[in-house]
Amino acid sequence: MARRSRSPIWNTQRRNLRRLMSRQKDGTVVRRLLALALILEGKSRTEAALQSGMERQTLRDWVHRYNAEGLAGLFSRVGPGPARLLNETQMAQFRELVIDGPDPETDKVIRWRCI
């Protein structure tokens with residue numbers, strides 16, 4: 001029977017993870033590193049997840065991202081956000097309208113306000 005090779009997380013020494021934790025400013029990354037260190041200390045994934053404030057499946061996902069990308073994989077990713085509602089031409093027109101300000105005769109106001 002062939003022996004399975006261990007994933008990269010098992011090859012990382014837990015004291016290196018603890019050292020990385022002390023250098024991180026992002027609390028969520030520290031929590032994820034703590035969960036990885038708890039696994040290396042012999043805790044089950046369920047115990048490590050509960051002590052780190054996450055579900056076992058979530059911890060599994062972070063382990064996979066850490067194995068694939070290293071420390072960079074533990075940072076949260078930000079999506080691109082919603083698509084713009086105005087195209088570039090419309091934005092330029094809107095920008096001009098705002099910069100020029102309202103016309104008191106036609107708009108019946110003396111300044112634009114956000115409500």
# chains A, B, ... in the order shown; residues from 1 in each chain; ligands from 1
>>> residues_around(residues="Ala49 (chain A)", least_positions_apart="6", cutoff="7 Å", atoms="only C-alpha atoms", output="list in words")
Ala35, Glu55, Arg56 and Leu59 of chain A
>>> write_last_selection(atoms="N, CA, C and O atoms", output="PDB file, in the first residue's frame")
ATOM      1  N   ALA A  35      -6.237  28.464  14.186  1.00  0.00           N
ATOM      2  CA  ALA A  35      -6.902  27.198  13.884  1.00  0.00           C
ATOM      3  C   ALA A  35      -5.929  26.208  13.254  1.00  0.00           C
ATOM      4  O   ALA A  35      -5.917  25.021  13.605  1.00  0.00           O
ATOM      5  N   GLU A  55     -16.966  27.070  11.729  1.00  0.00           N
ATOM      6  CA  GLU A  55     -17.454  25.714  11.503  1.00  0.00           C
ATOM      7  C   GLU A  55     -16.319  24.856  10.935  1.00  0.00           C
ATOM      8  O   GLU A  55     -15.369  25.376  10.357  1.00  0.00           O
ATOM      9  N   ARG A  56     -16.458  23.553  11.086  1.00  0.00           N
ATOM     10  CA  ARG A  56     -15.439  22.634  10.593  1.00  0.00           C
ATOM     11  C   ARG A  56     -15.254  22.753   9.082  1.00  0.00           C
ATOM     12  O   ARG A  56     -14.131  22.759   8.572  1.00  0.00           O
ATOM     13  N   LEU A  59     -13.209  25.815   8.294  1.00  0.00           N
ATOM     14  CA  LEU A  59     -11.796  25.551   8.567  1.00  0.00           C
ATOM     15  C   LEU A  59     -11.187  24.722   7.440  1.00  0.00           C
ATOM     16  O   LEU A  59     -10.067  24.986   6.998  1.00  0.00           O
TER      17      LEU A  59
END
>>> select_by_dssp(residues="chain A", states="helix (DSSP H, G or I)", output="JSON, numbers by chain")
{"A": [8, 9, 10, 11, 14, 15, 16, 17, 18, 19, 20, 21, 22, 23, 27, 28, 29, 30, 31, 32, 33, 34, 35, 36, 37, 38, 39, 40, 45, 46, 47, 48, 49, 50, 51, 56, 57, 58, 59, 60, 61, 62, 63, 64, 65, 66, 67, 68, 69, 70, 71, 72, 73, 74, 88, 89, 90, 91, 92, 93, 94, 95, 96, 97, 98, 99, 100, 104, 105, 106, 107]}
>>> residues_around(residues="Leu33 (chain A)", least_positions_apart="5", cutoff="8 Å", atoms="only C-alpha atoms", output="PyMOL selection string")
chain A and resi 17-18+20-21+74
>>> write_last_selection(atoms="all heavy atoms", output="PDB file, in the first residue's frame")
ATOM      1  N   LEU A  17       3.880  29.140  12.530  1.00  0.00           N
ATOM      2  CA  LEU A  17       2.535  29.708  12.462  1.00  0.00           C
ATOM      3  C   LEU A  17       2.310  30.683  13.608  1.00  0.00           C
ATOM      4  O   LEU A  17       1.728  31.745  13.425  1.00  0.00           O
ATOM      5  CB  LEU A  17       1.478  28.597  12.500  1.00  0.00           C
ATOM      6  CG  LEU A  17       1.367  27.741  11.243  1.00  0.00           C
ATOM      7  CD1 LEU A  17       0.342  26.627  11.461  1.00  0.00           C
ATOM      8  CD2 LEU A  17       0.988  28.575  10.050  1.00  0.00           C
ATOM      9  N   ARG A  18       2.782  30.332  14.802  1.00  0.00           N
ATOM     10  CA  ARG A  18       2.627  31.229  15.954  1.00  0.00           C
ATOM     11  C   ARG A  18       3.418  32.521  15.724  1.00  0.00           C
ATOM     12  O   ARG A  18       2.975  33.603  16.084  1.00  0.00           O
ATOM     13  CB  ARG A  18       3.106  30.545  17.234  1.00  0.00           C
ATOM     14  CG  ARG A  18       2.349  29.298  17.590  1.00  0.00           C
ATOM     15  CD  ARG A  18       1.227  29.599  18.482  1.00  0.00           C
ATOM     16  NE  ARG A  18       0.557  28.350  18.874  1.00  0.00           N
ATOM     17  CZ  ARG A  18      -0.611  28.320  19.428  1.00  0.00           C
ATOM     18  NH1 ARG A  18      -1.255  29.438  19.674  1.00  0.00           N
ATOM     19  NH2 ARG A  18      -1.164  27.182  19.747  1.00  0.00           N
ATOM     20  N   LEU A  20       4.042  33.860  12.793  1.00  0.00           N
ATOM     21  CA  LEU A  20       3.263  34.621  11.816  1.00  0.00           C
ATOM     22  C   LEU A  20       2.075  35.311  12.489  1.00  0.00           C
ATOM     23  O   LEU A  20       1.738  36.440  12.150  1.00  0.00           O
ATOM     24  CB  LEU A  20       2.745  33.697  10.713  1.00  0.00           C
ATOM     25  CG  LEU A  20       3.754  33.220   9.681  1.00  0.00           C
ATOM     26  CD1 LEU A  20       3.136  32.168   8.773  1.00  0.00           C
ATOM     27  CD2 LEU A  20       4.260  34.388   8.862  1.00  0.00           C
ATOM     28  N   MET A  21       1.450  34.627  13.459  1.00  0.00           N
ATOM     29  CA  MET A  21       0.314  35.222  14.165  1.00  0.00           C
ATOM     30  C   MET A  21       0.719  36.492  14.888  1.00  0.00           C
ATOM     31  O   MET A  21      -0.024  37.472  14.897  1.00  0.00           O
ATOM     32  CB  MET A  21      -0.272  34.240  15.196  1.00  0.00           C
ATOM     33  CG  MET A  21      -1.152  33.186  14.601  1.00  0.00           C
ATOM     34  SD  MET A  21      -2.068  32.263  15.841  1.00  0.00           S
ATOM     35  CE  MET A  21      -0.788  31.433  16.722  1.00  0.00           C
ATOM     36  N   LEU A  74      -4.995  33.184   3.357  1.00  0.00           N
ATOM     37  CA  LEU A  74      -5.791  33.367   4.575  1.00  0.00           C
ATOM     38  C   LEU A  74      -6.420  34.754   4.670  1.00  0.00           C
ATOM     39  O   LEU A  74      -7.207  35.009   5.569  1.00  0.00           O
ATOM     40  CB  LEU A  74      -4.927  33.106   5.811  1.00  0.00           C
ATOM     41  CG  LEU A  74      -4.384  31.682   5.944  1.00  0.00           C
ATOM     42  CD1 LEU A  74      -3.547  31.555   7.199  1.00  0.00           C
ATOM     43  CD2 LEU A  74      -5.499  30.662   5.930  1.00  0.00           C
TER      44      LEU A  74
END
>>> residues_around(residues="region 41-44 of chain A", least_positions_apart="4", cutoff="8 Å", atoms="only C-alpha atoms", output="JSON, numbers by chain")
{"A": [14, 37, 48]}
>>> closest_residue(among="A:Arg32, A:Leu86, A:Phe75, A:Leu97", to="Arg60 (chain A)", atoms="only C-alpha atoms")
A:Arg32
